[in-house]
Structure formats: C-alpha cells, structure tokens
>>> print(open('data28.csv').read())   # CSV, C-alpha atoms
chain,number,residue,atom,x,y,z
A,1222,MET,CA,52.3,-64.7,-73.4
A,1223,ALA,CA,54.9,-64.7,-76.2
A,1224,LEU,CA,56.1,-61.3,-75.0
A,1225,SER,CA,57.4,-62.9,-71.8
A,1226,LEU,CA,59.9,-64.8,-73.9
A,1227,LEU,CA,61.6,-61.5,-74.6
A,1228,SER,CA,62.7,-61.3,-71.0
A,1229,TYR,CA,64.9,-64.5,-71.2
A,1230,ASP,CA,68.6,-64.4,-71.7
A,1231,VAL,CA,71.2,-67.1,-72.5
A,1232,THR,CA,71.8,-67.9,-68.8
A,1233,ASP,CA,68.3,-69.4,-68.7
A,1234,LEU,CA,69.6,-72.0,-71.3
A,1235,CYS,CA,72.9,-72.6,-69.4
A,1236,LEU,CA,71.4,-74.1,-66.3
A,1237,ALA,CA,73.2,-77.4,-65.4
A,1238,LYS,CA,75.3,-77.3,-68.5
A,1239,PRO,CA,78.8,-78.7,-67.9
A,1240,PRO,CA,81.9,-76.6,-68.5
A,1241,LEU,CA,83.5,-77.0,-72.0
A,1242,ARG,CA,86.5,-79.3,-72.4
A,1243,CYS,CA,89.1,-77.3,-74.1
A,1244,LEU,CA,92.1,-78.1,-76.4
A,1245,SER,CA,94.9,-75.6,-76.9
A,1246,ALA,CA,95.4,-74.5,-80.5
A,1247,SER,CA,99.1,-73.8,-79.9
A,1248,SER,CA,100.1,-77.1,-78.2
A,1249,SER,CA,97.7,-79.8,-79.3
A,1250,SER,CA,98.0,-82.1,-82.3
A,1251,VAL,CA,95.5,-84.1,-84.2
A,1252,SER,CA,96.6,-87.1,-82.2
A,1253,ASP,CA,95.9,-85.2,-79.0
A,1254,ALA,CA,92.4,-84.4,-80.3
A,1255,ILE,CA,91.7,-88.0,-81.1
A,1256,ALA,CA,92.7,-89.1,-77.6
A,1257,ALA,CA,90.6,-86.3,-76.0
A,1258,LEU,CA,87.6,-87.1,-78.2
A,1259,LYS,CA,87.7,-90.8,-77.3
A,1260,SER,CA,87.7,-90.0,-73.6
A,1261,SER,CA,84.8,-87.5,-74.0
A,1262,GLU,CA,81.1,-88.4,-73.6
A,1263,GLY,CA,80.1,-85.7,-76.1
A,1264,PRO,CA,80.8,-85.6,-79.8
A,1265,PHE,CA,82.5,-82.1,-79.8
A,1266,LEU,CA,85.5,-80.4,-78.2
A,1267,SER,CA,86.3,-76.7,-78.2
A,1268,VAL,CA,89.7,-75.4,-79.4
A,1269,TRP,CA,91.1,-72.3,-77.7
A,1270,ASN,CA,93.7,-69.7,-78.2
A,1271,CYS,CA,94.7,-68.7,-74.6
A,1272,ASN,CA,97.5,-66.8,-72.9
A,1273,HIS,CA,97.4,-67.9,-69.3
A,1274,ASP,CA,100.5,-65.9,-68.5
A,1275,HIS,CA,98.1,-63.1,-67.8
A,1276,ASP,CA,95.1,-63.2,-65.5
A,1277,ASP,CA,92.9,-61.7,-68.2
A,1278,VAL,CA,90.0,-63.8,-69.4
A,1279,ALA,CA,89.8,-61.6,-72.5
A,1280,ASP,CA,93.0,-63.4,-73.6
A,1281,CYS,CA,91.0,-66.6,-73.9
A,1282,GLU,CA,89.2,-67.1,-77.2
A,1283,CYS,CA,87.4,-70.1,-78.5
A,1284,LEU,CA,88.5,-70.6,-82.2
A,1285,GLY,CA,86.0,-73.3,-83.0
A,1286,LYS,CA,84.8,-76.8,-82.3
A,1287,ILE,CA,86.0,-80.2,-83.6
A,1288,SER,CA,84.6,-83.8,-83.7
A,1289,MET,CA,85.8,-87.1,-84.8
A,1290,ALA,CA,84.2,-86.4,-88.2
A,1291,ASP,CA,86.7,-83.5,-88.7
A,1292,VAL,CA,89.5,-85.9,-87.9
A,1293,ILE,CA,88.2,-88.6,-90.3
A,1294,CYS,CA,87.9,-86.0,-93.2
A,1295,HIS,CA,91.3,-84.7,-92.5
A,1296,LEU,CA,92.9,-88.2,-92.5
A,1297,SER,CA,91.1,-89.2,-95.6
A,1298,LYS,CA,92.3,-86.2,-97.5
A,1299,GLU,CA,95.9,-86.7,-96.3
A,1300,GLU,CA,95.7,-90.4,-97.1
A,1301,VAL,CA,99.3,-90.8,-98.4
A,1302,HIS,CA,100.9,-89.0,-95.4
A,1303,THR,CA,98.8,-90.4,-92.5
A,1304,LEU,CA,101.6,-90.1,-89.9
A,1305,SER,CA,102.2,-86.4,-90.7
A,1306,ALA,CA,98.5,-85.8,-90.7
A,1307,LEU,CA,98.2,-87.2,-87.2
A,1308,ASN,CA,101.1,-85.0,-86.0
A,1309,SER,CA,99.6,-81.8,-87.6
A,1310,PRO,CA,98.4,-79.1,-85.2
A,1311,VAL,CA,94.8,-79.4,-84.1
A,1312,SER,CA,94.1,-76.1,-85.9
A,1313,VAL,CA,94.1,-77.9,-89.3
A,1314,LEU,CA,90.7,-79.4,-88.2
A,1315,LEU,CA,89.1,-76.0,-87.8
A,1316,PRO,CA,87.2,-74.3,-90.7
A,1317,THR,CA,89.2,-71.9,-92.8
A,1318,SER,CA,86.2,-69.6,-93.2
A,1319,ARG,CA,84.2,-67.8,-90.5
A,1320,SER,CA,84.3,-69.6,-87.1
A,1321,PRO,CA,81.0,-71.3,-86.2
A,1322,VAL,CA,81.3,-70.2,-82.6
A,1323,LEU,CA,80.8,-66.8,-81.1
A,1324,HIS,CA,81.4,-65.4,-77.6
A,1325,VAL,CA,78.5,-63.7,-75.9
A,1326,GLN,CA,77.9,-62.1,-72.5
A,1327,PRO,CA,75.5,-63.7,-70.0
A,1328,SER,CA,73.2,-60.7,-70.6
A,1329,CYS,CA,72.7,-61.7,-74.2
A,1330,SER,CA,68.9,-62.0,-74.7
A,1331,LEU,CA,67.2,-65.1,-76.2
A,1332,VAL,CA,66.1,-63.0,-79.2
A,1333,GLU,CA,69.7,-61.8,-79.8
A,1334,ALA,CA,70.9,-65.4,-79.5
A,1335,ILE,CA,68.4,-66.5,-82.1
A,1336,ASP,CA,69.6,-63.7,-84.4
A,1337,LEU,CA,73.2,-64.8,-84.1
A,1338,ILE,CA,72.2,-68.4,-84.9
A,1339,ILE,CA,70.3,-67.2,-88.0
A,1340,GLN,CA,73.3,-65.2,-89.1
A,1341,GLY,CA,75.5,-68.3,-89.1
A,1342,ALA,CA,76.7,-69.1,-85.6
A,1343,GLN,CA,76.4,-72.8,-84.5
A,1344,ASN,CA,77.5,-72.4,-80.9
A,1345,LEU,CA,77.4,-69.4,-78.5
A,1346,ILE,CA,80.1,-69.4,-75.9
A,1347,VAL,CA,78.9,-68.2,-72.5
A,1348,PRO,CA,81.0,-67.6,-69.4
A,1349,ILE,CA,79.7,-69.7,-66.4
A,1350,GLN,CA,79.0,-67.4,-63.5
A,1351,THR,CA,81.0,-69.0,-60.7
A,1352,LYS,CA,81.2,-68.1,-57.0
A,1353,THR,CA,84.5,-66.5,-56.0
A,1354,SER,CA,85.0,-69.1,-53.3
A,1355,THR,CA,85.2,-71.9,-55.8
A,1356,LYS,CA,87.5,-70.3,-58.3
A,1357,LYS,CA,90.7,-71.2,-56.5
A,1358,ARG,CA,89.8,-74.9,-56.5
A,1359,GLN,CA,89.2,-74.7,-60.3
A,1360,GLN,CA,92.6,-73.1,-61.2
A,1361,ASN,CA,94.3,-76.4,-61.7
A,1362,ASP,CA,91.4,-78.5,-62.7
A,1363,ASN,CA,92.5,-80.6,-65.6
A,1364,VAL,CA,90.1,-83.1,-67.2
A,1365,SER,CA,92.9,-84.9,-68.9
A,1366,ALA,CA,96.5,-84.5,-70.0
A,1367,THR,CA,95.4,-82.6,-73.1
A,1368,THR,CA,92.2,-80.8,-72.0
A,1369,THR,CA,91.1,-78.5,-69.3
A,1370,THR,CA,87.8,-76.8,-68.3
A,1371,THR,CA,89.4,-73.8,-66.6
A,1372,HIS,CA,90.9,-70.6,-68.0
A,1373,SER,CA,92.4,-67.4,-66.5
A,1374,ASN,CA,91.1,-66.4,-63.1
A,1375,GLY,CA,89.3,-69.8,-62.8
A,1376,GLN,CA,86.8,-68.8,-65.5
A,1377,ARG,CA,84.8,-71.6,-67.2
A,1378,PHE,CA,82.6,-71.5,-70.2
A,1379,CYS,CA,79.7,-73.5,-71.6
A,1380,TRP,CA,78.1,-73.2,-75.0
A,1381,ILE,CA,74.6,-72.9,-76.3
A,1382,THR,CA,73.7,-74.9,-79.4
A,1383,GLN,CA,70.9,-74.6,-82.0
A,1384,GLU,CA,69.3,-77.6,-80.4
A,1385,ASP,CA,69.3,-76.0,-77.0
A,1386,ILE,CA,67.3,-73.0,-78.3
A,1387,VAL,CA,64.9,-75.1,-80.3
A,1388,ARG,CA,64.4,-77.4,-77.3
A,1389,PHE,CA,63.7,-74.3,-75.1
A,1390,LEU,CA,61.2,-72.9,-77.6
A,1391,LEU,CA,59.5,-76.3,-77.7
A,1392,GLY,CA,59.0,-76.1,-73.9
A,1393,CYS,CA,57.3,-72.7,-74.5
A,1394,ILE,CA,55.3,-73.8,-77.5
A,1395,ALA,CA,51.9,-72.9,-76.0
A,1396,ALA,CA,53.0,-69.2,-76.3
A,1397,PHE,CA,53.0,-69.3,-80.1
A,1398,SER,CA,49.3,-69.8,-80.8
A,1399,HIS,CA,48.5,-71.6,-84.0
A,1400,LEU,CA,52.1,-71.6,-85.3
A,1401,PRO,CA,53.1,-75.1,-84.1
A,1402,SER,CA,50.3,-76.8,-85.9
A,1403,MET,CA,51.0,-75.2,-89.3
A,1404,SER,CA,52.6,-77.4,-91.9
A,1405,ILE,CA,56.2,-76.9,-93.0
A,1406,SER,CA,55.0,-76.5,-96.5
A,1407,ASP,CA,52.5,-73.7,-95.6
A,1408,LEU,CA,55.3,-72.0,-93.6
A,1409,GLY,CA,57.6,-72.1,-96.6
A,1410,ILE,CA,60.6,-73.5,-94.7
A,1411,ILE,CA,61.4,-76.5,-96.9
A,1412,ASN,CA,64.9,-75.8,-98.0
A,1413,SER,CA,65.8,-77.2,-101.4
A,1414,SER,CA,69.1,-75.3,-101.7
A,1415,HIS,CA,70.9,-78.1,-99.8
A,1416,ALA,CA,70.3,-80.5,-102.7
A,1417,ILE,CA,73.9,-80.0,-103.5
A,1418,LEU,CA,74.6,-82.3,-100.6
A,1419,ALA,CA,72.7,-85.1,-102.2
A,1420,VAL,CA,75.0,-87.6,-103.8
A,1421,ASP,CA,74.2,-90.7,-105.9
A,1422,TYR,CA,74.4,-94.1,-104.3
A,1423,ASN,CA,77.3,-95.0,-106.7
A,1424,SER,CA,79.3,-91.8,-106.2
A,1425,SER,CA,83.0,-92.1,-105.8
A,1426,ALA,CA,84.9,-91.7,-102.5
A,1427,THR,CA,86.2,-88.3,-103.7
A,1428,VAL,CA,82.7,-86.9,-104.2
A,1429,VAL,CA,81.6,-88.3,-100.8
A,1430,VAL,CA,84.6,-86.7,-98.9
A,1431,SER,CA,83.8,-83.3,-100.5
A,1432,ALA,CA,80.1,-83.5,-99.6
A,1433,ILE,CA,80.9,-84.6,-96.0
A,1434,SER,CA,83.2,-81.6,-95.5
A,1435,ARG,CA,80.5,-79.3,-96.7
A,1436,ALA,CA,78.0,-80.9,-94.4
A,1437,LEU,CA,80.4,-80.4,-91.5
A,1438,ALA,CA,80.5,-76.7,-92.3
A,1439,ASP,CA,76.8,-76.4,-92.7
A,1440,GLN,CA,75.9,-78.6,-89.7
A,1441,THR,CA,73.7,-80.7,-91.9
A,1442,SER,CA,74.2,-84.1,-93.6
A,1443,VAL,CA,74.7,-85.9,-97.0
A,1444,ALA,CA,71.7,-87.5,-98.6
A,1445,ILE,CA,72.3,-90.7,-100.5
A,1446,VAL,CA,69.9,-90.8,-103.4
A,1447,GLU,CA,69.1,-92.7,-106.6
A,1448,GLY,CA,68.0,-91.1,-109.8
A,1449,GLU,CA,70.1,-88.0,-109.5
A,1450,GLY,CA,69.6,-85.8,-112.5
A,1451,ASP,CA,67.6,-82.9,-113.8
A,1452,ASP,CA,65.1,-85.0,-115.8
A,1453,SER,CA,64.4,-87.7,-113.2
A,1454,PRO,CA,63.2,-87.6,-109.6
A,1455,MET,CA,65.6,-88.4,-106.8
A,1456,TYR,CA,64.7,-91.0,-104.2
A,1457,LEU,CA,66.2,-90.8,-100.7
A,1458,ILE,CA,68.0,-94.1,-99.9
A,1459,GLY,CA,69.8,-93.0,-96.7
A,1460,GLU,CA,72.3,-90.5,-95.4
A,1461,ILE,CA,75.9,-90.1,-94.2
A,1462,SER,CA,75.9,-87.5,-91.4
A,1463,PRO,CA,78.8,-86.0,-89.6
A,1464,MET,CA,77.2,-87.2,-86.3
A,1465,THR,CA,77.4,-90.7,-87.7
A,1466,LEU,CA,81.2,-90.3,-88.3
A,1467,SER,CA,81.5,-88.7,-84.9
A,1468,CYS,CA,80.5,-92.0,-83.4
A,1469,CYS,CA,83.3,-93.8,-85.2
A,1470,ASP,CA,87.1,-93.8,-84.5
A,1471,GLU,CA,89.8,-92.6,-86.8
A,1472,THR,CA,89.9,-95.9,-88.7
A,1473,ALA,CA,86.7,-94.8,-90.6
A,1474,ALA,CA,89.0,-92.6,-92.6
A,1475,ALA,CA,90.1,-95.7,-94.5
A,1476,ALA,CA,86.5,-96.4,-95.5
A,1477,VAL,CA,85.8,-92.8,-96.4
A,1478,ALA,CA,88.9,-92.7,-98.6
A,1479,THR,CA,88.1,-95.8,-100.6
A,1480,LEU,CA,84.4,-96.7,-100.6
A,1481,SER,CA,81.6,-95.4,-102.8
A,1482,ALA,CA,78.7,-93.6,-101.1
A,1483,GLY,CA,76.4,-96.7,-100.9
A,1484,TYR,CA,79.1,-99.0,-99.5
A,1485,LEU,CA,80.2,-96.3,-97.1
A,1486,MET,CA,76.6,-95.9,-95.8
A,1487,GLU,CA,76.5,-99.7,-95.2
A,1488,TYR,CA,79.9,-99.6,-93.5
A,1489,LEU,CA,78.8,-97.0,-91.0
A,1490,ASP,CA,75.4,-98.4,-90.3
A,1491,GLY,CA,75.4,-100.1,-86.9
A,1492,VAL,CA,78.0,-100.8,-84.3
A,1493,ASN,CA,80.5,-102.8,-86.4
A,1494,PRO,CA,80.9,-102.8,-90.2
A,1495,PRO,CA,80.4,-106.1,-92.1
A,1496,GLU,CA,83.6,-108.1,-92.2
A,1497,SER,CA,83.4,-108.4,-96.0
A,1498,LEU,CA,83.5,-104.6,-96.3
A,1499,VAL,CA,86.4,-104.3,-93.8
A,1500,GLN,CA,88.3,-106.7,-96.1
A,1501,GLU,CA,87.2,-104.7,-99.2
A,1502,VAL,CA,88.6,-101.6,-97.6
A,1503,ARG,CA,91.9,-103.3,-96.9
A,1504,ASP,CA,92.1,-104.6,-100.5
A,1505,ARG,CA,91.5,-101.2,-101.9
A,1506,LEU,CA,94.0,-99.5,-99.6
A,1507,GLU,CA,96.6,-102.0,-100.8
A,1508,SER,CA,95.8,-101.6,-104.5
A,1509,LYS,CA,96.0,-97.8,-104.1
A,1510,GLY,CA,99.3,-98.0,-102.2
A,1511,LEU,CA,97.7,-96.2,-99.2
A,1512,MET,CA,99.9,-98.0,-96.7
A,1513,GLY,CA,99.6,-95.3,-94.0
A,1514,LEU,CA,95.9,-95.7,-93.7
A,1515,LEU,CA,96.2,-99.5,-93.9
A,1516,SER,CA,98.7,-99.4,-91.0
A,1517,LEU,CA,96.3,-97.2,-89.0
A,1518,LEU,CA,93.4,-99.5,-89.8
A,1519,ASP,CA,95.3,-102.6,-88.7
A,1520,SER,CA,97.0,-101.1,-85.6
A,1521,LEU,CA,93.7,-100.0,-84.1
A,1522,SER,CA,91.7,-103.1,-85.0
A,1523,LEU,CA,94.4,-105.2,-83.3
A,1524,SER,CA,94.9,-102.9,-80.3
A,1525,PRO,CA,94.2,-104.6,-76.9
A,1526,THR,CA,93.4,-101.3,-75.2
A,1527,SER,CA,90.4,-100.1,-77.2
A,1528,GLY,CA,88.0,-100.9,-74.3
A,1529,TYR,CA,86.0,-103.8,-75.9
A,1530,SER,CA,85.2,-107.1,-74.3
A,1531,SER,CA,87.0,-110.3,-75.2
A,1532,ASP,CA,84.0,-111.5,-77.2
A,1533,GLU,CA,84.2,-108.3,-79.3
A,1534,GLU,CA,88.0,-108.7,-79.7
A,1535,SER,CA,87.4,-112.0,-81.4
A,1536,SER,CA,85.7,-110.3,-84.3
A,1537,PRO,CA,87.9,-108.9,-87.1
A,1538,ALA,CA,85.4,-106.1,-87.6
A,1539,ARG,CA,85.4,-104.9,-84.0
A,1540,ALA,CA,87.0,-101.6,-82.7
A,1541,PHE,CA,85.5,-99.3,-85.3
A,1542,GLY,CA,83.3,-97.4,-82.8
A,1543,ARG,CA,83.8,-95.1,-79.8
A,1544,THR,CA,82.5,-95.3,-76.3
A,1545,MET,CA,79.7,-92.8,-76.2
A,1546,SER,CA,76.4,-92.1,-74.5
A,1547,MET,CA,73.3,-94.0,-75.7
A,1548,SER,CA,71.7,-90.8,-76.9
A,1549,THR,CA,74.7,-90.0,-79.1
A,1550,ARG,CA,74.9,-93.6,-80.4
A,1551,MET,CA,71.3,-93.2,-81.7
A,1552,ALA,CA,72.8,-91.0,-84.4
A,1553,ARG,CA,74.9,-93.8,-85.8
A,1554,LYS,CA,72.4,-95.1,-88.3
A,1555,ALA,CA,72.3,-94.6,-92.0
A,1556,GLU,CA,68.5,-94.5,-92.1
A,1557,ALA,CA,67.5,-90.9,-92.7
A,1558,VAL,CA,65.1,-89.0,-90.4
A,1559,VAL,CA,62.3,-88.0,-92.8
A,1560,CYS,CA,59.0,-86.1,-92.8
A,1561,ASN,CA,56.6,-84.9,-95.5
A,1562,PRO,CA,55.6,-81.4,-96.6
A,1563,LYS,CA,52.4,-81.6,-94.6
A,1564,SER,CA,54.1,-82.4,-91.3
A,1565,SER,CA,53.5,-79.8,-88.7
A,1566,LEU,CA,56.2,-77.6,-87.4
A,1567,MET,CA,55.9,-79.0,-83.9
A,1568,ALA,CA,56.1,-82.6,-85.2
A,1569,VAL,CA,59.3,-81.8,-87.1
A,1570,MET,CA,60.9,-80.1,-84.0
A,1571,ILE,CA,60.1,-83.2,-81.9
A,1572,GLN,CA,61.4,-85.5,-84.5
A,1573,ALA,CA,64.7,-83.7,-84.9
A,1574,ILE,CA,65.3,-83.4,-81.2
A,1575,THR,CA,64.4,-87.0,-80.5
A,1576,HIS,CA,67.0,-88.2,-83.1
A,1577,ARG,CA,69.6,-85.6,-82.0
A,1578,THR,CA,69.9,-84.0,-85.5
A,1579,SER,CA,69.7,-80.4,-86.5
A,1580,TYR,CA,67.6,-81.1,-89.6
A,1581,THR,CA,64.9,-83.4,-91.1
A,1582,TRP,CA,64.8,-84.6,-94.7
A,1583,VAL,CA,61.6,-84.0,-96.6
A,1584,ILE,CA,60.1,-86.5,-99.1
A,1585,ASP,CA,56.8,-86.5,-100.8
A,1586,LYS,CA,54.1,-89.2,-100.8
A,1587,ASP,CA,55.9,-91.1,-103.6
A,1588,GLY,CA,59.2,-91.1,-101.7
A,1589,CYS,CA,60.8,-88.5,-103.9
A,1590,PHE,CA,63.4,-86.3,-102.3
A,1591,VAL,CA,62.1,-82.7,-101.8
A,1592,GLY,CA,64.6,-81.0,-99.5
A,1593,MET,CA,65.2,-80.5,-95.8
A,1594,VAL,CA,64.2,-78.4,-92.9
A,1595,THR,CA,67.0,-77.3,-90.5
A,1596,PHE,CA,66.9,-75.8,-87.1
A,1597,VAL,CA,67.9,-72.4,-88.6
A,1598,ASP,CA,64.8,-72.6,-90.9
A,1599,ILE,CA,62.7,-73.3,-87.8
A,1600,LEU,CA,64.3,-70.5,-85.8
A,1601,LYS,CA,63.6,-68.0,-88.6
A,1602,VAL,CA,59.9,-68.7,-88.2
A,1603,PHE,CA,59.9,-68.2,-84.4
A,1604,ARG,CA,62.0,-65.0,-84.8
A,1605,LYS,CA,59.4,-63.5,-87.1
A,1606,PHE,CA,56.7,-64.4,-84.6
A,1607,LEU,CA,58.6,-62.8,-81.8
>>> encode(input="data28.csv", output="structure tokens")
Amino acid sequence: MALSLLSYDVTDLCLAKPPLRCLSASSSSVSDAIAALKSSEGPFLSVWNCNHDHDDVADCECLGKISMADVICHLSKEEVHTLSALNSPVSVLLPTSRSPVLHVQPSCSLVEAIDLIIQGAQNLIVPIQTKTSTKKRQQNDNVSATTTTTHSNGQRFCWITQEDIVRFLLGCIAAFSHLPSMSISDLGIINSSHAILAVDYNSSATVVVSAISRALADQTSVAIVEGEGDDSPMYLIGEISPMTLSCCDETAAAAVATLSAGYLMEYLDGVNPPESLVQEVRDRLESKGLMGLLSLLDSLSLSPTSGYSSDEESSPARAFGRTMSMSTRMARKAEAVVCNPKSSLMAVMIQAITHRTSYTWVIDKDGCFVGMVTFVDILKVFRKFL
C-alpha cells in the first residue's frame, strides 16, 4: 500500500489552498509589510521579485517569506533608528543565506517534495492550475494596496509547507505498517543539536534576540531553561517561538530589545502583557535612551484604529496583539509543547499538528531537557520507509 504513495504529486496537497499574498521586493517597505501582515489571516507573506512589463511568468520569482517575527527582530536590532528601520526595503527582512522557499512544477512528486524539505526548503512554491477563462478576471485582482495574488498572464501560486506534507502522511498512516507506533527514541530522531537554541531564564535581551533570529532561520523555537551548563541538567521552563511573535504587533520589538528571557516569555504569554511589565519596558527604554522604540510603543498603544473594543482600549496594556484566526492564536502561549523519549511517532505528529508547530520538545521523566523532534526529522523517517 505504501507504494501507492509514490504516485502522488504536489498538486494533491494543493487542493483548496488559497493563492499566496505577495509583496514586491522592489517597491515595498517594512511599514508596508507590517500593514499587509496585520490585514492577513495567516502569519506569513511571500516576497517576490517580478517584472510584469513582460507576460512571462518566469520573470516572477519568490525570494522568501516574512512574518511579524521578522519585523520584530529587525526593529529590535535597529532600536536606535526605529524610523529608518520602518522605511527600509522589505528585503531586509529576508534571510541573507539560502532562501527557505523553492519553486517546483505541479508534476513534482511527493517523494521529491520530501527530499527538498529534508535538504532545507521550508516552503515549496507551486503554480495554481487555472482555467483560461478565469485568467482575465484575475489580471487586476489586488488584495490590498500593497499585496496581490496575481502575476504575469494571470498566474497564481500557492505554497506547500512542512506541516502540509506531515499532515498528508498522517492521513495515510495505515500504509506504514508498524512505523507509527515506534517510539521516537527507538527511531533515533531526537535531535539534541538544537540545544544551542536553549537560553537560560535570566539571559539578557541580546542573547534572546540572537536566539530568536536563529530559530526563525531554522523554523524551530527558543527553549527557556534553568540549570544551563555542562555539569548540571537543564529543565525546560517554557519557550519563545517565532509563531508567538507572529501573533504580536511591532510594539513587541520594545520588549524583545529590553527584557530578559524569562520576563519576555511572561510578556508574550496570553493576549495582553501584564501592565507592570509594559511599564517596565517603558522605563528601560527611557533609561537606555531608545526613544524611537518608546515612541512606537506609545503611538500604537494609544492608537484608536487598532481594531479593539472600547473595553479593551481602557486597558494600558491593550493593543499588543494582532487580529488572527483562532488556530493561529493557539500558538501564542509560552508553555512549551513537550513529549518524552518513549512517545510514539504518531503521537508526536498529532501533537505538533494540533498545536500548529513544526517541532516538539523532548523531556525525560524527571523533567530534564533532552532535545527536540522536528518535522524534518519525522520526514526523514518516512523517506527511508518509502
């Protein structure tokens, strides 16, 4: 039965997927990206380099993807020059190394897609096969002033994520015999090399920003631990994930630039940060002379157009979140998603998909931090089986 999976291609995973909302790399700024992300129901937008002066879809290339987490990291690093950081081209939010997105043809097989993910791709860009009669209507289809879903010749694209492939394999799990019931320890997929993304509860803001940037590139998360060191065990306290930051607005950059790991985790946990921590952030911004971030924090927290109710506007700690779908908001919790070494492969898959993460932390029976299992680790197991 597993052999039948070899006949599937990426179009089988594209069914009912919406077209990508696209930002232009040449004409969009960080401010444009913020506006587009706030009006989007999903956490990511694609950034494109297109030449629509020619009717050649080959001239359209997706350069990468961005989220509010990228914006927050950018603003926290450019803390002294907040205004210039907001006016920077959106390309500054893209990784400087290899792009995490790849273009593939609709004929790309499921196995080939898995191989590309294992080799480092996070998203696979697939052209949506559209009827000729509908292309003319799509030519001028703009989602907003800064984004579009349509390229040359009315072509649209969607993307396949790691989660899409793992979810698809979970739906075909019966084809894999005893594999789903095996423990992640027996399968040898507990990855301890990501321990570098574990930071101590009392770590400084500088350490946290660096770790978050690495987590963005790796599509993982930052573990907040106690007892960091070679001679003592580490205990997992919580996490700071890029998806958590993606549920915030740009004012979270002020907290990322000033708070220690433990305080930042508390700041991000829930819909609104504690008022005491908001004041703490303001005090630290003032003491460091970071007036650009302070102005940004105050201007958005006092804005009457952020889309909150009058009851929410009465709270000084309101307006630190974005309007997003409930499934995405589930990710905005500091409590880490954990399993143990004896958890089955299927249980870990279900756990990660349910919580909309691409990883699960692993702790032993004493609560000590062991490592993590990522979607890539899981896909490697299925690839060997296929």
>>> residues_around(input="data28.csv", residues="Ala1478 (chain A)", least_positions_apart="5", cutoff="9 Å", atoms="all atoms listed in the file", output="list in words")
Cys1294, Leu1296, Ser1297, Lys1298, Glu1300, Ala1426, Thr1427, Val1429, Val1430, Ala1473, Val1502 and Leu1506 of chain A
>>> write_last_selection(input="data28.csv", atoms="C-alpha atoms", output="mmCIF file, keeping the file's coordinate frame")
data_model
loop_
_atom_site.group_PDB
_atom_site.id
_atom_site.type_symbol
_atom_site.label_atom_id
_atom_site.label_comp_id
_atom_site.auth_asym_id
_atom_site.auth_seq_id
_atom_site.Cartn_x
_atom_site.Cartn_y
_atom_site.Cartn_z
ATOM 1 C CA CYS A 1294 87.900 -86.000 -93.200
ATOM 2 C CA LEU A 1296 92.900 -88.200 -92.500
ATOM 3 C CA SER A 1297 91.100 -89.200 -95.600
ATOM 4 C CA LYS A 1298 92.300 -86.200 -97.500
ATOM 5 C CA GLU A 1300 95.700 -90.400 -97.100
ATOM 6 C CA ALA A 1426 84.900 -91.700 -102.500
ATOM 7 C CA THR A 1427 86.200 -88.300 -103.700
ATOM 8 C CA VAL A 1429 81.600 -88.300 -100.800
ATOM 9 C CA VAL A 1430 84.600 -86.700 -98.900
ATOM 10 C CA ALA A 1473 86.700 -94.800 -90.600
ATOM 11 C CA VAL A 1502 88.600 -101.600 -97.600
ATOM 12 C CA LEU A 1506 94.000 -99.500 -99.600
#
>>> closest_residue(input="data28.csv", among="A:Gln1383, A:Ser1312, A:Ser1520, A:Ser1260", to="Gln1440 (chain A)", atoms="all atoms listed in the file")
A:Gln1383
>>> atom_distance(input="data28.csv", atom1="CA of Gly1409 (chain A)", atom2="CA of Phe1606 (chain A)")
14.3 Å
>>> residues_around(input="data28.csv", residues="Ser1564 (chain A)", least_positions_apart="3", cutoff="12 Å", atoms="all atoms listed in the file", output="number ranges by chain")
A: 1401-1408, 1410-1411, 1559-1561, 1567-1572, 1581-1586, 1594
>>> atom_distance(input="data28.csv", atom1="CA of Lys1563 (chain A)", atom2="CA of Asp1385 (chain A)")
25.0 Å
>>> atom_distance(input="data28.csv", atom1="CA of Val1558 (chain A)", atom2="CA of Leu1489 (chain A)")
15.9 Å
>>> residues_around(input="data28.csv", residues="Gln1350 (chain A)", least_positions_apart="4", cutoff="10 Å", atoms="all atoms listed in the file", output="VMD selection string")
chain A and resid 1232 1235 1327 1376 to 1378
>>> residues_around(input="data28.csv", residues="region 1323-1325 of chain A", least_positions_apart="6", cutoff="6 Å", atoms="only C-alpha atoms", output="PyMOL selection string")
chain A and resi 1345-1347
>>> closest_residue(input="data28.csv", among="A:Leu1331, A:Met1593, A:Ala1246, A:Ala1290", to="Ala1419 (chain A)", atoms="only C-alpha atoms")
A:Met1593
>>> residues_around(input="data28.csv", residues="Val1311 (chain A)", least_positions_apart="6", cutoff="10 Å", atoms="only C-alpha atoms", output="JSON, numbers by chain")
{"A": [1244, 1245, 1246, 1247, 1248, 1249, 1250, 1251, 1252, 1253, 1254, 1255, 1268, 1287, 1292]}
>>> write_last_selection(input="data28.csv", atoms="C-alpha atoms", output="PDB file, in the coordinates of the input")
ATOM      1  CA  LEU A1244      92.100 -78.100 -76.400  1.00  0.00           C
ATOM      2  CA  SER A1245      94.900 -75.600 -76.900  1.00  0.00           C
ATOM      3  CA  ALA A1246      95.400 -74.500 -80.500  1.00  0.00           C
ATOM      4  CA  SER A1247      99.100 -73.800 -79.900  1.00  0.00           C
ATOM      5  CA  SER A1248     100.100 -77.100 -78.200  1.00  0.00           C
ATOM      6  CA  SER A1249      97.700 -79.800 -79.300  1.00  0.00           C
ATOM      7  CA  SER A1250      98.000 -82.100 -82.300  1.00  0.00           C
ATOM      8  CA  VAL A1251      95.500 -84.100 -84.200  1.00  0.00           C
ATOM      9  CA  SER A1252      96.600 -87.100 -82.200  1.00  0.00           C
ATOM     10  CA  ASP A1253      95.900 -85.200 -79.000  1.00  0.00           C
ATOM     11  CA  ALA A1254      92.400 -84.400 -80.300  1.00  0.00           C
ATOM     12  CA  ILE A1255      91.700 -88.000 -81.100  1.00  0.00           C
ATOM     13  CA  VAL A1268      89.700 -75.400 -79.400  1.00  0.00           C
ATOM     14  CA  ILE A1287      86.000 -80.200 -83.600  1.00  0.00           C
ATOM     15  CA  VAL A1292      89.500 -85.900 -87.900  1.00  0.00           C
TER      16      VAL A1292
END
>>> closest_residue(input="data28.csv", among="A:Leu1304, A:Cys1589, A:Val1231, A:Leu1437", to="Leu1515 (chain A)", atoms="only C-alpha atoms")
A:Leu1304
>>> closest_residue(input="data28.csv", among="A:Trp1269, A:Tyr1456, A:Phe1397, A:Tyr1580", to="Thr1368 (chain A)", atoms="all atoms listed in the file")
A:Trp1269
>>> closest_residue(input="data28.csv", among="A:Asp1470, A:Asp1519, A:Glu1556, A:Glu1333", to="Gly1491 (chain A)", atoms="all atoms listed in the file")
A:Glu1556
>>> closest_residue(input="data28.csv", among="A:Leu1400, A:Ala1436, A:Ile1381, A:Leu1600", to="Leu1236 (chain A)", atoms="only C-alpha atoms")
A:Ile1381
